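entry.cif (mmCIF, C-alpha atoms) appears below.
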```cif
data_protein
loop_
_atom_site.label_atom_id
_atom_site.label_comp_id
_atom_site.auth_asym_id
_atom_site.auth_seq_id
_atom_site.Cartn_x
_atom_site.Cartn_y
_atom_site.Cartn_z
CA ILE V 1 -7.26 -76.73 11.70
CA ALA V 2 -7.76 -76.57 7.92
CA GLY V 3 -10.19 -79.48 8.15
CA TYR V 4 -12.20 -77.76 10.85
CA GLN V 5 -12.30 -74.53 8.85
CA LYS V 6 -13.81 -76.37 5.90
CA LYS V 7 -16.65 -77.34 8.20
CA ASN V 8 -17.01 -73.73 9.41
CA ALA V 9 -15.79 -74.70 12.86
CA VAL V 10 -12.87 -72.28 13.19
CA LEU V 11 -10.73 -72.71 16.28
CA SER V 12 -10.33 -69.62 18.41
CA ASP V 13 -6.87 -68.20 19.10
CA GLN V 14 -7.25 -69.23 22.74
CA GLU V 15 -7.95 -72.85 21.79
CA LYS V 16 -4.88 -72.88 19.52
CA LYS V 17 -2.68 -71.59 22.34
CA VAL V 18 -4.05 -74.22 24.70
CA GLY V 19 -3.32 -76.88 22.07
CA VAL V 20 0.29 -75.75 21.71
CA MET V 21 0.73 -75.68 25.49
CA LEU V 22 -0.66 -79.22 25.83
CA ILE V 23 1.69 -80.50 23.12
CA ALA V 24 4.58 -78.79 24.90
CA GLN V 25 3.64 -80.32 28.24
CA ILE V 26 3.27 -83.83 26.81
CA GLY V 27 6.13 -83.96 24.34
CA LEU V 28 8.99 -81.84 25.65
CA ARG V 29 10.13 -83.91 28.61
CA PRO V 30 10.25 -87.22 26.66
CA LEU V 31 12.16 -85.40 23.91
CA LEU V 32 14.73 -84.06 26.37
CA VAL V 33 15.16 -87.53 27.86
CA LEU V 34 15.56 -89.00 24.35
CA LEU V 35 18.29 -86.46 23.63
CA HIS V 36 20.06 -87.58 26.83
CA THR V 37 19.89 -84.14 28.40
CA PRO V 38 21.93 -84.20 31.65
CA SER V 39 19.64 -84.52 34.66
CA GLU V 40 21.08 -81.43 36.34
CA ILE V 41 19.95 -79.14 33.51
CA ILE V 42 16.82 -80.91 32.25
CA GLU V 43 14.48 -78.62 34.24
CA GLU V 44 16.17 -75.49 32.92
CA SER V 45 16.08 -76.88 29.38
CA TYR V 46 12.38 -77.62 29.78
CA SER V 47 11.69 -74.08 31.06
CA TYR V 48 13.48 -72.50 28.11
CA ILE V 49 11.85 -74.63 25.41
CA TYR V 50 8.42 -74.36 27.04
CA ILE V 51 8.46 -70.55 26.95
CA VAL V 52 9.72 -70.47 23.37
CA THR V 53 7.14 -73.07 22.27
CA ILE V 54 4.23 -71.03 23.63
CA CYS V 55 5.32 -68.06 21.51
CA VAL V 56 6.41 -70.04 18.45
CA GLY V 57 3.60 -68.44 16.43
CA VAL V 58 5.37 -65.09 16.71
CA MET V 59 8.54 -66.58 15.24
CA PHE V 60 6.55 -68.10 12.38
CA ALA V 61 4.95 -64.71 11.73
CA TYR V 62 8.34 -62.97 11.59
CA ASN V 63 9.81 -65.54 9.18
CA LEU V 64 6.69 -65.45 7.00
CA LEU V 65 6.53 -61.66 6.77
CA SER V 66 10.29 -61.39 6.15
CA GLY V 67 9.92 -63.91 3.33
CA LEU V 68 7.16 -61.78 1.81
CA LEU V 69 9.44 -58.75 1.79
CA ARG V 70 12.28 -60.72 0.17
CA SER V 71 9.87 -62.07 -2.44
CA ILE V 72 9.22 -58.52 -3.69
CA GLY V 73 12.96 -57.73 -3.79
CA ASN V 74 13.28 -56.00 -0.40
CA SER V 75 16.07 -57.92 1.32
CA PHE V 76 17.42 -54.97 3.31
CA MET V 77 14.41 -54.54 5.60
CA PRO V 78 14.42 -58.16 6.90
CA LEU V 79 18.13 -57.73 7.68
CA ALA V 80 17.46 -54.50 9.58
CA PHE V 81 14.63 -56.13 11.54
CA LEU V 82 16.88 -59.09 12.37
CA ILE V 83 19.56 -56.75 13.72
CA ILE V 84 16.96 -54.91 15.82
CA SER V 85 15.66 -58.22 17.18
CA SER V 86 19.18 -59.38 18.05
CA VAL V 87 20.07 -56.13 19.85
CA ILE V 88 16.83 -56.28 21.86
CA ASN V 89 17.55 -59.91 22.69
CA ILE V 90 21.06 -59.11 23.96
CA VAL V 91 19.92 -56.13 26.07
CA LEU V 92 17.03 -58.06 27.62
CA ASP V 93 19.31 -61.06 28.24
CA VAL V 94 21.52 -58.90 30.44
CA LEU V 95 18.52 -57.31 32.14
CA PHE V 96 16.51 -60.48 32.85
CA ILE V 97 19.41 -62.79 33.69
CA THR V 98 21.62 -60.49 35.79
CA GLN V 99 19.23 -57.86 37.16
CA PHE V 100 16.03 -59.86 37.65
CA GLN V 101 17.86 -63.14 38.41
CA MET V 102 15.54 -65.09 36.10
CA GLY V 103 18.25 -67.44 34.85
CA ILE V 104 17.47 -69.55 31.79
CA ARG V 105 13.84 -68.42 31.86
CA GLY V 106 15.07 -64.86 31.42
CA ALA V 107 17.02 -65.91 28.32
CA ALA V 108 13.86 -67.46 26.86
CA VAL V 109 11.74 -64.38 27.61
CA ALA V 110 14.42 -62.15 26.05
CA THR V 111 14.48 -64.27 22.88
CA VAL V 112 10.71 -64.22 22.53
CA SER V 113 10.52 -60.47 23.27
CA GLY V 114 13.02 -59.69 20.52
CA GLN V 115 11.02 -61.78 18.07
CA ILE V 116 7.75 -60.09 19.06
CA VAL V 117 9.17 -56.60 18.49
CA ALA V 118 10.67 -57.63 15.14
CA ALA V 119 7.38 -59.23 14.06
CA LEU V 120 5.39 -56.11 14.98
CA ILE V 121 7.81 -53.88 13.04
CA VAL V 122 7.94 -56.06 9.94
CA MET V 123 4.15 -56.44 10.01
CA LYS V 124 3.71 -52.76 9.11
CA LYS V 125 5.81 -53.23 5.97
CA ALA V 126 4.61 -56.64 4.81
CA TRP V 127 0.89 -56.67 5.58
CA TYR V 128 -1.24 -57.27 2.50
CA ARG V 129 -4.92 -57.96 1.99
CA SER V 130 -5.68 -61.67 2.05
CA PRO V 131 -6.74 -63.24 -1.26
CA ARG V 132 -10.09 -64.96 -1.67
CA ARG V 133 -10.54 -68.07 0.45
CA SER V 134 -11.11 -70.08 -2.73
CA CYS V 135 -7.47 -69.40 -3.69
CA TYR V 136 -6.08 -70.96 -0.52
CA PRO V 137 -6.09 -74.69 -1.43
CA GLY V 138 -4.19 -74.17 -4.68
CA HIS V 139 -1.64 -71.80 -3.12
CA ILE V 140 -1.10 -74.05 -0.09
CA LYS V 141 -0.58 -77.07 -2.35
CA ARG V 142 1.96 -75.16 -4.46
CA ILE V 143 3.80 -73.87 -1.38
CA TYR V 144 4.24 -77.40 -0.04
CA GLN V 145 5.32 -78.69 -3.45
CA LEU V 146 8.11 -76.12 -3.51
CA GLY V 147 8.89 -76.42 0.20
CA ILE V 148 9.07 -80.20 0.62
CA PRO V 149 12.80 -80.42 -0.35
CA ASN V 150 13.69 -77.86 2.33
CA ILE V 151 11.43 -79.62 4.87
CA ILE V 152 13.23 -82.90 4.16
CA MET V 153 16.65 -81.25 4.50
CA GLN V 154 15.76 -79.64 7.82
CA SER V 155 14.27 -82.91 9.11
CA ALA V 156 17.32 -84.89 7.99
CA TYR V 157 19.61 -82.45 9.84
CA THR V 158 17.53 -82.81 13.01
CA LEU V 159 17.64 -86.61 12.80
CA TYR V 160 21.38 -86.41 12.16
CA ILE V 161 21.96 -84.40 15.35
CA LEU V 162 19.65 -86.73 17.27
CA GLY V 163 21.65 -89.74 16.10
CA LEU V 164 24.95 -88.12 17.10
CA ASN V 165 23.54 -87.26 20.53
CA LEU V 166 22.44 -90.86 21.07
CA ILE V 167 25.88 -92.17 20.07
CA LEU V 168 27.85 -89.67 22.17
CA ALA V 169 25.57 -90.13 25.17
CA GLY V 170 26.96 -93.65 25.41
CA PHE V 171 30.34 -92.15 26.26
CA SER V 172 29.54 -89.24 28.61
CA ASP V 173 27.47 -86.09 29.09
CA GLN V 174 30.61 -84.08 28.37
CA ALA V 175 30.77 -85.58 24.87
CA VAL V 176 27.22 -84.38 24.14
CA THR V 177 28.13 -80.92 25.47
CA ALA V 178 31.23 -80.84 23.26
CA LEU V 179 29.05 -81.60 20.21
CA GLY V 180 26.75 -78.70 21.08
CA LEU V 181 29.69 -76.32 21.47
CA TYR V 182 31.15 -77.49 18.17
CA TYR V 183 27.94 -76.73 16.30
CA LYS V 184 27.71 -73.31 17.92
CA TRP V 185 31.22 -72.45 16.67
CA GLN V 186 30.51 -74.04 13.30
CA THR V 187 27.64 -71.62 12.81
CA PHE V 188 30.05 -68.69 12.54
CA PHE V 189 31.83 -70.32 9.60
CA PHE V 190 28.56 -71.02 7.78
CA ILE V 191 27.19 -67.48 8.14
CA PRO V 192 28.69 -66.37 4.76
CA LEU V 193 27.17 -69.43 3.09
CA GLY V 194 23.81 -68.68 4.68
CA ALA V 195 24.00 -65.12 3.36
CA LEU V 196 24.88 -66.44 -0.09
CA GLN V 197 21.92 -68.80 0.02
CA THR V 198 19.58 -65.98 1.04
CA CYS V 199 20.74 -63.98 -1.97
CA ILE V 200 20.67 -66.67 -4.65
CA VAL V 201 17.27 -68.19 -3.77
CA PRO V 202 15.21 -65.12 -4.85
CA VAL V 203 17.45 -64.55 -7.89
CA ILE V 204 16.99 -68.12 -9.09
CA SER V 205 13.28 -67.95 -8.24
CA TYR V 206 12.73 -64.82 -10.31
CA ASN V 207 14.54 -66.26 -13.33
CA TYR V 208 12.86 -69.63 -12.98
CA ALA V 209 9.46 -67.93 -12.99
CA ALA V 210 10.55 -66.00 -16.10
CA LYS V 211 11.57 -69.36 -17.66
CA ASP V 212 15.17 -68.15 -18.04
CA ILE V 213 16.72 -71.53 -17.21
CA LYS V 214 20.09 -70.53 -18.67
CA ARG V 215 20.47 -67.72 -16.15
CA CYS V 216 19.34 -70.05 -13.33
CA ARG V 217 22.15 -72.45 -14.22
CA LEU V 218 24.65 -69.59 -14.43
CA VAL V 219 23.67 -68.27 -10.99
CA LEU V 220 23.85 -71.78 -9.53
CA LYS V 221 27.28 -72.39 -11.10
CA ASP V 222 28.74 -69.09 -9.84
CA SER V 223 27.28 -69.58 -6.35
CA LEU V 224 28.73 -73.10 -6.09
CA ILE V 225 32.17 -71.79 -7.07
CA MET V 226 31.94 -68.93 -4.55
CA GLY V 227 30.63 -71.31 -1.87
#
```
Translate this file's structure into structure tokens.
Amino acid sequence: IAGYQKKNAVLSDQEKKVGVMLIAQIGLRPLLVLLHTPSEIIEESYSYIYIVTICVGVMFAYNLLSGLLRSIGNSFMPLAFLIISSVINIVLDVLFITQFQMGIRGAAVATVSGQIVAALIVMKKAWYRSPRRSCYPGHIKRIYQLGIPNIIMQSAYTLYILGLNLILAGFSDQAVTALGLYYKWQTFFFIPLGALQTCIVPVISYNYAAKDIKRCRLVLKDSLIMG
């Protein structure tokens, strides 16, 4: 898209949506097969991921705008918006799944709806005028320079889960299900660490920008001990 924009051939929003839908149609089923998804739930899995994929831009918008608020020291508002999104998700889950009998598709619609509401709310607090277009290349380059370590970590985790799925699929579908349940329960134990990470990243960032490396090391040391 960036390449097309340089040539003044900007893709319309409709074309972008069609592109995402085509990628979803082509890539999701092979991915589910690669992950050894049991045949009896592969259609439901496809329905859920397909709906979420179409609206993935909304999720990106929410994460981006929440990050902007945290970058200016406002960490309370993103938390409030996340709670609102979660409550909406739970209420709509009950409504769509039990009342409208939508099944797994209802769960997907509820998830997306919660994200849309949260994105619309946070947009009012984190909307700023765009800088000059000439600033974009330098900022984008810097963002990726700082973000590559996190991209690698997230990718490594995904490949790790994929490898475990492939190994356990050789035993039984129940083994793969057990792995999924384990990681769901594991999430609860890592919530405090996730909160700690959310807090220390902006603190270290501020001090790093101020060239106070001593304080960065102190924050990192204390957070490792607490973790």
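Ranking V:Ala156, V:Leu65, V:Leu168, V:Val56 by their shortest atom-to-atom distance to Phe81 of chain V, with all atoms listed in the file included, puts V:Leu65 first.
Rounded to one decimal, atom CA of Met123 of chain V and atom CA of Pro202 of chain V lie 20.5 Å from each other.
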- Message: Selection in question (the file shown): the PyMOL selection byres ((chain V and resi 114) around 12). Which residues does it include, as a ChimeraX atom specification?
- Response: /V:52,55,58-59,62,81-93,107-113,115-121
- Task: Name the residues within 12 Å of (19.4, -75.9, 26.6), counting all atoms listed in the file in the file's coordinates, and put them as an MDAnalysis selection string.
- Result: chainID V and resid 32 35:50 52 103:105 107:108 176:177 180:181
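The space separating atom CA of Ala61 of chain V from atom CA of Trp185 of chain V comes to 27.8 Å.
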Could you list the residues chosen by the PyMOL selection byres ((chain V and resi 219) around 12) in this structure as a PDB file with C-alpha atoms, in the frame of the given file?
```pdb
ATOM      1  CA  LEU V 196      24.880 -66.440  -0.090  1.00  0.00           C
ATOM      2  CA  GLN V 197      21.920 -68.800   0.020  1.00  0.00           C
ATOM      3  CA  CYS V 199      20.740 -63.980  -1.970  1.00  0.00           C
ATOM      4  CA  ILE V 200      20.670 -66.670  -4.650  1.00  0.00           C
ATOM      5  CA  VAL V 201      17.270 -68.190  -3.770  1.00  0.00           C
ATOM      6  CA  PRO V 202      15.210 -65.120  -4.850  1.00  0.00           C
ATOM      7  CA  VAL V 203      17.450 -64.550  -7.890  1.00  0.00           C
ATOM      8  CA  ILE V 204      16.990 -68.120  -9.090  1.00  0.00           C
ATOM      9  CA  SER V 205      13.280 -67.950  -8.240  1.00  0.00           C
ATOM     10  CA  TYR V 206      12.730 -64.820 -10.310  1.00  0.00           C
ATOM     11  CA  ASN V 207      14.540 -66.260 -13.330  1.00  0.00           C
ATOM     12  CA  TYR V 208      12.860 -69.630 -12.980  1.00  0.00           C
ATOM     13  CA  ASP V 212      15.170 -68.150 -18.040  1.00  0.00           C
ATOM     14  CA  ILE V 213      16.720 -71.530 -17.210  1.00  0.00           C
ATOM     15  CA  LYS V 214      20.090 -70.530 -18.670  1.00  0.00           C
ATOM     16  CA  ARG V 215      20.470 -67.720 -16.150  1.00  0.00           C
ATOM     17  CA  CYS V 216      19.340 -70.050 -13.330  1.00  0.00           C
ATOM     18  CA  ARG V 217      22.150 -72.450 -14.220  1.00  0.00           C
ATOM     19  CA  LEU V 218      24.650 -69.590 -14.430  1.00  0.00           C
ATOM     20  CA  LEU V 220      23.850 -71.780  -9.530  1.00  0.00           C
ATOM     21  CA  LYS V 221      27.280 -72.390 -11.100  1.00  0.00           C
ATOM     22  CA  ASP V 222      28.740 -69.090  -9.840  1.00  0.00           C
ATOM     23  CA  SER V 223      27.280 -69.580  -6.350  1.00  0.00           C
ATOM     24  CA  LEU V 224      28.730 -73.100  -6.090  1.00  0.00           C
ATOM     25  CA  ILE V 225      32.170 -71.790  -7.070  1.00  0.00           C
ATOM     26  CA  MET V 226      31.940 -68.930  -4.550  1.00  0.00           C
ATOM     27  CA  GLY V 227      30.630 -71.310  -1.870  1.00  0.00           C
TER      28      GLY V 227
END
```
- Atomic separation - atom CA of Ala178 of chain V relative to atom CA of Pro30 of chain V, Å: 22.2 Å
- Can you list what the PyMOL selection byres ((chain V and resi 68) around 12) grabs from this structure, as an MDAnalysis selection string? chainID V and resid 61:67 69:75 77:78 122:123 125:128 202
Once you add 3 Å to each side, what are the centre and edge lengths of the axis-aligned box holding all listed atoms of segment 102-106 of chain V? One decimal in Å, as AutoDock Vina command-line options, if you can.
```
--center_x 16.0 --center_y -67.2 --center_z 33.8 --size_x 10.4 --size_y 10.7 --size_z 10.7
```
